[in-house]
>>> print(open('model_38.tsv').read())   # TSV, N, CA, C and O atoms
chain	number	residue	atom	x	y	z
A	86	GLY	N	48.28	56.34	160.99
A	86	GLY	CA	46.98	56.72	161.55
A	86	GLY	C	46.19	57.56	160.58
A	86	GLY	O	46.75	58.22	159.71
A	87	ARG	N	44.89	57.49	160.75
A	87	ARG	CA	44.00	58.27	159.86
A	87	ARG	C	43.91	59.71	160.35
A	87	ARG	O	43.96	59.96	161.55
A	88	ALA	N	43.75	60.62	159.42
A	88	ALA	CA	43.58	62.02	159.79
A	88	ALA	C	42.21	62.19	160.44
A	88	ALA	O	41.24	61.54	160.03
A	89	VAL	N	42.14	63.00	161.45
A	89	VAL	CA	40.87	63.23	162.13
A	89	VAL	C	40.22	64.46	161.50
A	89	VAL	O	40.84	65.52	161.42
A	90	ALA	N	38.98	64.31	161.04
A	90	ALA	CA	38.27	65.45	160.43
A	90	ALA	C	37.91	66.44	161.52
A	90	ALA	O	37.59	66.04	162.63
A	91	SER	N	37.96	67.71	161.19
A	91	SER	CA	37.57	68.71	162.18
A	91	SER	C	36.08	68.62	162.43
A	91	SER	O	35.32	68.16	161.58
A	92	ALA	N	35.65	69.07	163.59
A	92	ALA	CA	34.23	68.98	163.96
A	92	ALA	C	33.34	69.78	163.02
A	92	ALA	O	32.15	69.54	162.94
A	93	GLU	N	33.93	70.76	162.31
A	93	GLU	CA	33.13	71.61	161.43
A	93	GLU	C	32.84	70.95	160.08
A	93	GLU	O	32.05	71.47	159.32
A	94	THR	N	33.51	69.85	159.79
A	94	THR	CA	33.34	69.24	158.47
A	94	THR	C	32.23	68.19	158.50
A	94	THR	O	32.34	67.20	159.21
A	95	PRO	N	31.15	68.43	157.73
A	95	PRO	CA	30.11	67.39	157.68
A	95	PRO	C	30.70	66.13	157.06
A	95	PRO	O	31.48	66.22	156.12
A	96	PRO	N	30.35	64.95	157.58
A	96	PRO	CA	30.96	63.71	157.07
A	96	PRO	C	30.83	63.55	155.57
A	96	PRO	O	31.75	63.09	154.91
A	97	ALA	N	29.70	63.94	155.00
A	97	ALA	CA	29.46	63.72	153.57
A	97	ALA	C	30.41	64.50	152.68
A	97	ALA	O	30.67	64.11	151.57
A	98	SER	N	30.92	65.63	153.17
A	98	SER	CA	31.72	66.47	152.29
A	98	SER	C	33.20	66.46	152.66
A	98	SER	O	33.94	67.32	152.24
A	99	ARG	N	33.62	65.51	153.46
A	99	ARG	CA	35.02	65.46	153.88
A	99	ARG	C	35.94	65.42	152.67
A	99	ARG	O	35.79	64.54	151.82
A	100	GLY	N	36.83	66.37	152.57
A	100	GLY	CA	37.80	66.36	151.49
A	100	GLY	C	37.28	66.86	150.15
A	100	GLY	O	38.03	67.03	149.24
A	101	ALA	N	35.97	67.09	150.04
A	101	ALA	CA	35.41	67.53	148.76
A	101	ALA	C	35.19	69.04	148.80
A	101	ALA	O	34.66	69.55	149.77
A	102	PRO	N	35.59	69.74	147.74
A	102	PRO	CA	35.32	71.17	147.73
A	102	PRO	C	33.81	71.41	147.64
A	102	PRO	O	33.09	70.60	147.05
A	103	ARG	N	33.35	72.47	148.24
A	103	ARG	CA	31.93	72.79	148.19
A	103	ARG	C	31.75	74.09	147.42
A	103	ARG	O	32.55	75.01	147.56
A	104	SER	N	30.70	74.15	146.62
A	104	SER	CA	30.42	75.35	145.84
A	104	SER	C	29.35	76.17	146.53
A	104	SER	O	28.40	75.62	147.10
A	105	VAL	N	29.51	77.48	146.49
A	105	VAL	CA	28.47	78.39	146.97
A	105	VAL	C	28.16	79.37	145.86
A	105	VAL	O	28.98	79.60	144.97
A	106	VAL	N	26.96	79.93	145.91
A	106	VAL	CA	26.58	80.97	144.96
A	106	VAL	C	26.55	82.28	145.73
A	106	VAL	O	25.83	82.39	146.73
A	107	GLN	N	27.34	83.23	145.30
A	107	GLN	CA	27.31	84.55	145.93
A	107	GLN	C	26.41	85.46	145.12
A	107	GLN	O	26.55	85.56	143.91
A	108	VAL	N	25.48	86.10	145.82
A	108	VAL	CA	24.51	86.98	145.16
A	108	VAL	C	24.83	88.42	145.60
A	108	VAL	O	24.13	89.01	146.40
A	109	GLY	N	25.95	88.91	145.12
A	109	GLY	CA	26.32	90.28	145.44
A	109	GLY	C	27.01	90.43	146.77
A	109	GLY	O	26.94	89.58	147.65
A	110	ALA	N	27.70	91.57	146.90
A	110	ALA	CA	28.35	91.96	148.14
A	110	ALA	C	27.99	93.43	148.31
A	110	ALA	O	28.40	94.26	147.50
A	111	VAL	N	27.18	93.74	149.30
A	111	VAL	CA	26.62	95.08	149.40
A	111	VAL	C	26.94	95.72	150.74
A	111	VAL	O	27.17	95.02	151.73
A	112	ALA	N	26.94	97.05	150.76
A	112	ALA	CA	27.26	97.78	151.98
A	112	ALA	C	26.00	98.11	152.76
A	112	ALA	O	26.04	98.25	153.98
A	113	ASP	N	24.89	98.24	152.08
A	113	ASP	CA	23.66	98.75	152.68
A	113	ASP	C	22.81	97.63	153.28
A	113	ASP	O	22.48	96.66	152.59
A	114	ALA	N	22.47	97.75	154.55
A	114	ALA	CA	21.71	96.70	155.24
A	114	ALA	C	20.35	96.46	154.59
A	114	ALA	O	19.88	95.32	154.51
A	115	ALA	N	19.71	97.51	154.09
A	115	ALA	CA	18.41	97.35	153.43
A	115	ALA	C	18.57	96.53	152.15
A	115	ALA	O	17.72	95.68	151.84
A	116	ALA	N	19.66	96.76	151.43
A	116	ALA	CA	19.91	96.00	150.20
A	116	ALA	C	20.17	94.54	150.52
A	116	ALA	O	19.77	93.64	149.77
A	117	VAL	N	20.85	94.27	151.64
A	117	VAL	CA	21.08	92.89	152.07
A	117	VAL	C	19.73	92.21	152.32
A	117	VAL	O	19.49	91.11	151.82
A	118	ARG	N	18.85	92.88	153.06
A	118	ARG	CA	17.53	92.29	153.35
A	118	ARG	C	16.73	92.04	152.08
A	118	ARG	O	16.13	90.99	151.92
A	119	THR	N	16.76	93.01	151.15
A	119	THR	CA	16.02	92.88	149.90
A	119	THR	C	16.55	91.70	149.08
A	119	THR	O	15.79	90.89	148.57
A	120	THR	N	17.88	91.63	148.97
A	120	THR	CA	18.50	90.54	148.20
A	120	THR	C	18.15	89.19	148.81
A	120	THR	O	17.75	88.26	148.11
A	121	ARG	N	18.30	89.08	150.14
A	121	ARG	CA	18.00	87.80	150.80
A	121	ARG	C	16.53	87.43	150.60
A	121	ARG	O	16.22	86.26	150.35
A	122	ALA	N	15.64	88.41	150.70
A	122	ALA	CA	14.21	88.13	150.55
A	122	ALA	C	13.92	87.61	149.14
A	122	ALA	O	13.15	86.65	148.97
A	123	LYS	N	14.53	88.23	148.12
A	123	LYS	CA	14.31	87.78	146.74
A	123	LYS	C	14.79	86.35	146.54
A	123	LYS	O	14.11	85.54	145.90
A	124	VAL	N	15.97	86.04	147.07
A	124	VAL	CA	16.53	84.70	146.89
A	124	VAL	C	15.71	83.68	147.68
A	124	VAL	O	15.39	82.59	147.17
A	125	GLU	N	15.33	84.02	148.91
A	125	GLU	CA	14.56	83.08	149.73
A	125	GLU	C	13.16	82.87	149.16
A	125	GLU	O	12.58	81.79	149.32
A	126	HIS	N	12.64	83.86	148.45
A	126	HIS	CA	11.35	83.71	147.76
A	126	HIS	C	11.43	82.61	146.70
A	126	HIS	O	10.43	81.98	146.38
A	127	LEU	N	12.63	82.37	146.19
A	127	LEU	CA	12.85	81.28	145.21
A	127	LEU	C	12.96	79.93	145.90
A	127	LEU	O	13.14	78.91	145.25
A	128	GLY	N	12.92	79.92	147.23
A	128	GLY	CA	13.03	78.68	147.97
A	128	GLY	C	14.47	78.28	148.28
A	128	GLY	O	14.74	77.13	148.61
A	129	LEU	N	15.39	79.24	148.17
A	129	LEU	CA	16.80	78.96	148.41
A	129	LEU	C	17.23	79.65	149.71
A	129	LEU	O	17.12	80.87	149.83
A	130	PRO	N	17.71	78.90	150.69
A	130	PRO	CA	18.15	79.53	151.93
A	130	PRO	C	19.44	80.33	151.71
A	130	PRO	O	20.29	79.93	150.93
A	131	THR	N	19.55	81.45	152.39
A	131	THR	CA	20.74	82.28	152.26
A	131	THR	C	21.48	82.38	153.58
A	131	THR	O	20.92	82.09	154.65
A	132	TYR	N	22.74	82.78	153.48
A	132	TYR	CA	23.48	83.16	154.68
A	132	TYR	C	24.35	84.36	154.29
A	132	TYR	O	24.51	84.65	153.11
A	133	THR	N	24.84	85.07	155.28
A	133	THR	CA	25.65	86.24	154.97
A	133	THR	C	27.01	86.13	155.63
A	133	THR	O	27.19	85.41	156.61
A	134	GLN	N	27.94	86.85	155.06
A	134	GLN	CA	29.30	86.90	155.58
A	134	GLN	C	29.79	88.32	155.37
A	134	GLN	O	29.67	88.86	154.26
A	135	VAL	N	30.29	88.94	156.43
A	135	VAL	CA	30.79	90.31	156.31
A	135	VAL	C	32.28	90.28	155.99
A	135	VAL	O	33.03	89.54	156.62
A	136	ALA	N	32.67	91.04	154.99
A	136	ALA	CA	34.06	91.11	154.57
A	136	ALA	C	34.51	92.57	154.61
A	136	ALA	O	33.79	93.45	154.17
A	137	GLU	N	35.71	92.78	155.13
A	137	GLU	CA	36.28	94.13	155.10
A	137	GLU	C	36.96	94.31	153.74
A	137	GLU	O	37.77	93.49	153.34
A	138	THR	N	36.61	95.38	153.06
A	138	THR	CA	37.25	95.69	151.78
A	138	THR	C	37.90	97.07	151.88
A	138	THR	O	37.70	97.78	152.85
A	139	ALA	N	38.63	97.44	150.84
A	139	ALA	CA	39.29	98.74	150.83
A	139	ALA	C	38.27	99.87	150.94
A	139	ALA	O	38.56	100.93	151.47
A	140	SER	N	37.06	99.63	150.46
A	140	SER	CA	36.03	100.67	150.50
A	140	SER	C	35.04	100.46	151.66
A	140	SER	O	33.94	100.98	151.62
A	141	GLY	N	35.45	99.68	152.65
A	141	GLY	CA	34.59	99.48	153.82
A	141	GLY	C	34.00	98.08	153.88
A	141	GLY	O	34.27	97.24	153.02
A	142	ALA	N	33.18	97.86	154.90
A	142	ALA	CA	32.58	96.53	155.09
A	142	ALA	C	31.54	96.26	154.02
A	142	ALA	O	30.77	97.14	153.64
A	143	ARG	N	31.54	95.03	153.52
A	143	ARG	CA	30.54	94.58	152.56
A	143	ARG	C	29.93	93.29	153.11
A	143	ARG	O	30.65	92.45	153.65
A	144	THR	N	28.63	93.14	152.94
A	144	THR	CA	27.99	91.90	153.35
A	144	THR	C	27.76	91.06	152.10
A	144	THR	O	27.10	91.49	151.17
A	145	ARG	N	28.36	89.88	152.11
A	145	ARG	CA	28.18	88.95	150.99
A	145	ARG	C	26.93	88.12	151.27
A	145	ARG	O	26.80	87.56	152.35
A	146	VAL	N	26.04	88.06	150.30
A	146	VAL	CA	24.85	87.21	150.42
A	146	VAL	C	25.15	85.96	149.63
A	146	VAL	O	25.47	86.02	148.44
A	147	ARG	N	25.07	84.81	150.31
A	147	ARG	CA	25.45	83.55	149.67
A	147	ARG	C	24.38	82.48	149.84
A	147	ARG	O	23.60	82.52	150.79
A	148	VAL	N	24.37	81.54	148.91
A	148	VAL	CA	23.47	80.40	148.93
A	148	VAL	C	24.34	79.15	148.87
A	148	VAL	O	25.29	79.09	148.10
A	149	GLY	N	24.00	78.16	149.67
A	149	GLY	CA	24.78	76.92	149.66
A	149	GLY	C	25.19	76.55	151.07
A	149	GLY	O	24.59	77.03	152.03
A	150	PRO	N	26.20	75.72	151.22
A	150	PRO	CA	27.03	75.18	150.15
A	150	PRO	C	26.36	74.01	149.42
A	150	PRO	O	25.47	73.37	149.96
A	151	PHE	N	26.81	73.79	148.20
A	151	PHE	CA	26.32	72.68	147.38
A	151	PHE	C	27.43	71.66	147.24
A	151	PHE	O	28.60	72.03	147.13
A	152	ALA	N	27.06	70.40	147.21
A	152	ALA	CA	28.05	69.33	147.11
A	152	ALA	C	28.74	69.31	145.74
A	152	ALA	O	29.89	68.93	145.62
A	153	THR	N	28.01	69.75	144.72
A	153	THR	CA	28.59	69.73	143.37
A	153	THR	C	28.41	71.09	142.70
A	153	THR	O	27.49	71.85	143.03
A	154	ARG	N	29.28	71.34	141.75
A	154	ARG	CA	29.17	72.60	140.99
A	154	ARG	C	27.87	72.61	140.18
A	154	ARG	O	27.25	73.67	140.01
A	155	ALA	N	27.44	71.45	139.71
A	155	ALA	CA	26.20	71.39	138.92
A	155	ALA	C	25.01	71.89	139.75
A	155	ALA	O	24.16	72.62	139.24
A	156	GLU	N	24.96	71.49	141.02
A	156	GLU	CA	23.87	71.96	141.89
A	156	GLU	C	23.96	73.47	142.06
A	156	GLU	O	22.94	74.17	142.04
A	157	ALA	N	25.18	73.98	142.25
A	157	ALA	CA	25.36	75.42	142.40
A	157	ALA	C	24.93	76.15	141.13
A	157	ALA	O	24.29	77.20	141.20
A	158	GLU	N	25.25	75.58	139.98
A	158	GLU	CA	24.87	76.21	138.71
A	158	GLU	C	23.36	76.24	138.53
A	158	GLU	O	22.81	77.21	138.00
A	159	ARG	N	22.67	75.17	138.97
A	159	ARG	CA	21.19	75.17	138.88
A	159	ARG	C	20.61	76.27	139.75
A	159	ARG	O	19.70	76.98	139.33
A	160	ALA	N	21.13	76.41	140.97
A	160	ALA	CA	20.65	77.47	141.86
A	160	ALA	C	20.96	78.84	141.27
A	160	ALA	O	20.12	79.75	141.28
A	161	ALA	N	22.17	79.00	140.72
A	161	ALA	CA	22.57	80.29	140.13
A	161	ALA	C	21.66	80.66	138.97
A	161	ALA	O	21.29	81.82	138.81
A	162	ALA	N	21.27	79.67	138.17
A	162	ALA	CA	20.38	79.95	137.03
A	162	ALA	C	19.04	80.49	137.52
A	162	ALA	O	18.48	81.42	136.93
A	163	ARG	N	18.52	79.91	138.60
A	163	ARG	CA	17.24	80.38	139.15
A	163	ARG	C	17.38	81.81	139.69
A	163	ARG	O	16.48	82.63	139.52
A	164	ILE	N	18.51	82.08	140.32
A	164	ILE	CA	18.74	83.42	140.89
A	164	ILE	C	18.90	84.45	139.77
A	164	ILE	O	18.33	85.54	139.82
A	165	LYS	N	19.67	84.08	138.71
A	165	LYS	CA	19.85	84.98	137.57
A	165	LYS	C	18.52	85.30	136.90
A	165	LYS	O	18.31	86.41	136.43
A	166	ALA	N	17.64	84.30	136.85
A	166	ALA	CA	16.33	84.50	136.23
A	166	ALA	C	15.52	85.54	137.00
A	166	ALA	O	14.60	86.15	136.45
A	167	ALA	N	15.87	85.78	138.25
A	167	ALA	CA	15.20	86.79	139.08
A	167	ALA	C	15.96	88.12	138.99
A	167	ALA	O	15.77	89.01	139.82
A	168	ASP	N	16.81	88.27	137.97
A	168	ASP	CA	17.57	89.51	137.74
A	168	ASP	C	18.50	89.87	138.87
A	168	ASP	O	18.64	91.04	139.23
A	169	LEU	N	19.15	88.86	139.44
A	169	LEU	CA	20.13	89.10	140.49
A	169	LEU	C	21.49	88.62	139.98
A	169	LEU	O	21.56	87.66	139.23
A	170	PRO	N	22.57	89.28	140.42
A	170	PRO	CA	23.90	88.86	139.98
A	170	PRO	C	24.32	87.59	140.73
A	170	PRO	O	23.97	87.41	141.89
A	171	THR	N	25.07	86.72	140.06
A	171	THR	CA	25.57	85.53	140.75
A	171	THR	C	27.02	85.29	140.39
A	171	THR	O	27.45	85.59	139.29
A	172	VAL	N	27.75	84.77	141.38
A	172	VAL	CA	29.12	84.31	141.17
A	172	VAL	C	29.21	82.97	141.88
A	172	VAL	O	28.83	82.86	143.04
A	173	ILE	N	29.70	81.94	141.20
A	173	ILE	CA	29.88	80.64	141.85
A	173	ILE	C	31.32	80.58	142.37
A	173	ILE	O	32.27	80.86	141.65
A	174	LEU	N	31.44	80.26	143.65
A	174	LEU	CA	32.74	80.18	144.30
A	174	LEU	C	32.93	78.78	144.86
A	174	LEU	O	31.98	78.15	145.32
A	175	VAL	N	34.15	78.29	144.84
A	175	VAL	CA	34.46	77.01	145.46
A	175	VAL	C	35.23	77.30	146.73
A	175	VAL	O	36.24	77.98	146.72
A	176	LEU	N	34.72	76.79	147.84
A	176	LEU	CA	35.33	77.05	149.14
A	176	LEU	C	36.19	75.87	149.56
A	176	LEU	O	35.87	74.74	149.27
>>> encode(input="model_38.tsv", output="structure tokens")
Amino acid sequence: GRAVASAETPPASRGAPRSVVQVGAVADAAAVRTTRAKVEHLGLPTYTQVAETASGARTRVRVGPFATRAEAERAAARIKAADLPTVILVL
């Protein structure tokens, strides 16, 4: 029998790793808003994820997911050009 994909998996990306661009992980809510506004001004939608770290909660600002690393790298280049830090992650 075939494996059944979970409902959360979009059909197009089944089995394929997806790349996201993380634009910092910050503790301050105002910094989160500022970072998201700068990235969204570039026309890139953002989402956030809260992570507990040893030094407290941090909000990760991320863009994506992208189907290919090349797409993620293009987005990261635009974000870097706006003087923001970027890390490409594969989820």
>>> atom_distance(input="model_38.tsv", atom1="CA of Thr153 (chain A)", atom2="CA of Gln134 (chain A)")
21.1 Å
>>> atom_distance(input="model_38.tsv", atom1="atom N of Thr138 (chain A)", atom2="atom C of Arg154 (chain A)")
27.6 Å
>>> atom_distance(input="model_38.tsv", atom1="atom O of Lys123 (chain A)", atom2="atom O of Ala167 (chain A)")
7.2 Å
>>> select_by_dssp(input="model_38.tsv", residues="chain A", states="strand (DSSP E or B)", output="VMD selection string")
chain A and resid 104 to 111 131 to 138 141 to 151 172 to 175
>>> residues_around(input="model_38.tsv", residues="Thr171 (chain A)", least_positions_apart="3", cutoff="8 Å", atoms="only C-alpha atoms", output="PyMOL selection string")
chain A and resi 106-109+161+164-165
>>> residues_near_point(input="model_38.tsv", point="(26.6, 73.2, 147.6)", cutoff="8 Å", atoms="all atoms listed in the file", output="ChimeraX atom specification")
/A:102-106,148-154,156-157,174
>>> axis_aligned_box(input="model_38.tsv", around="region 146-165 of chain A", padding_each_side="8 Å", output="AutoDock Vina command-line options")
--center_x 23.2 --center_y 78.5 --center_z 144.2 --size_x 29.4 --size_y 35.1 --size_z 31.6
>>> closest_residue(input="model_38.tsv", among="A:Ala116, A:Ala101, A:Val124, A:Ala110", to="Asp168 (chain A)", atoms="only C-alpha atoms")
A:Val124
>>> closest_residue(input="model_38.tsv", among="A:Val175, A:Val117, A:Ala122, A:Ala160", to="Arg145 (chain A)", atoms="only N, CA, C and O atoms")
A:Val117
>>> closest_residue(input="model_38.tsv", among="A:Leu176, A:Leu127, A:Ala155, A:Thr144", to="Ala115 (chain A)", atoms="only C-alpha atoms")
A:Thr144
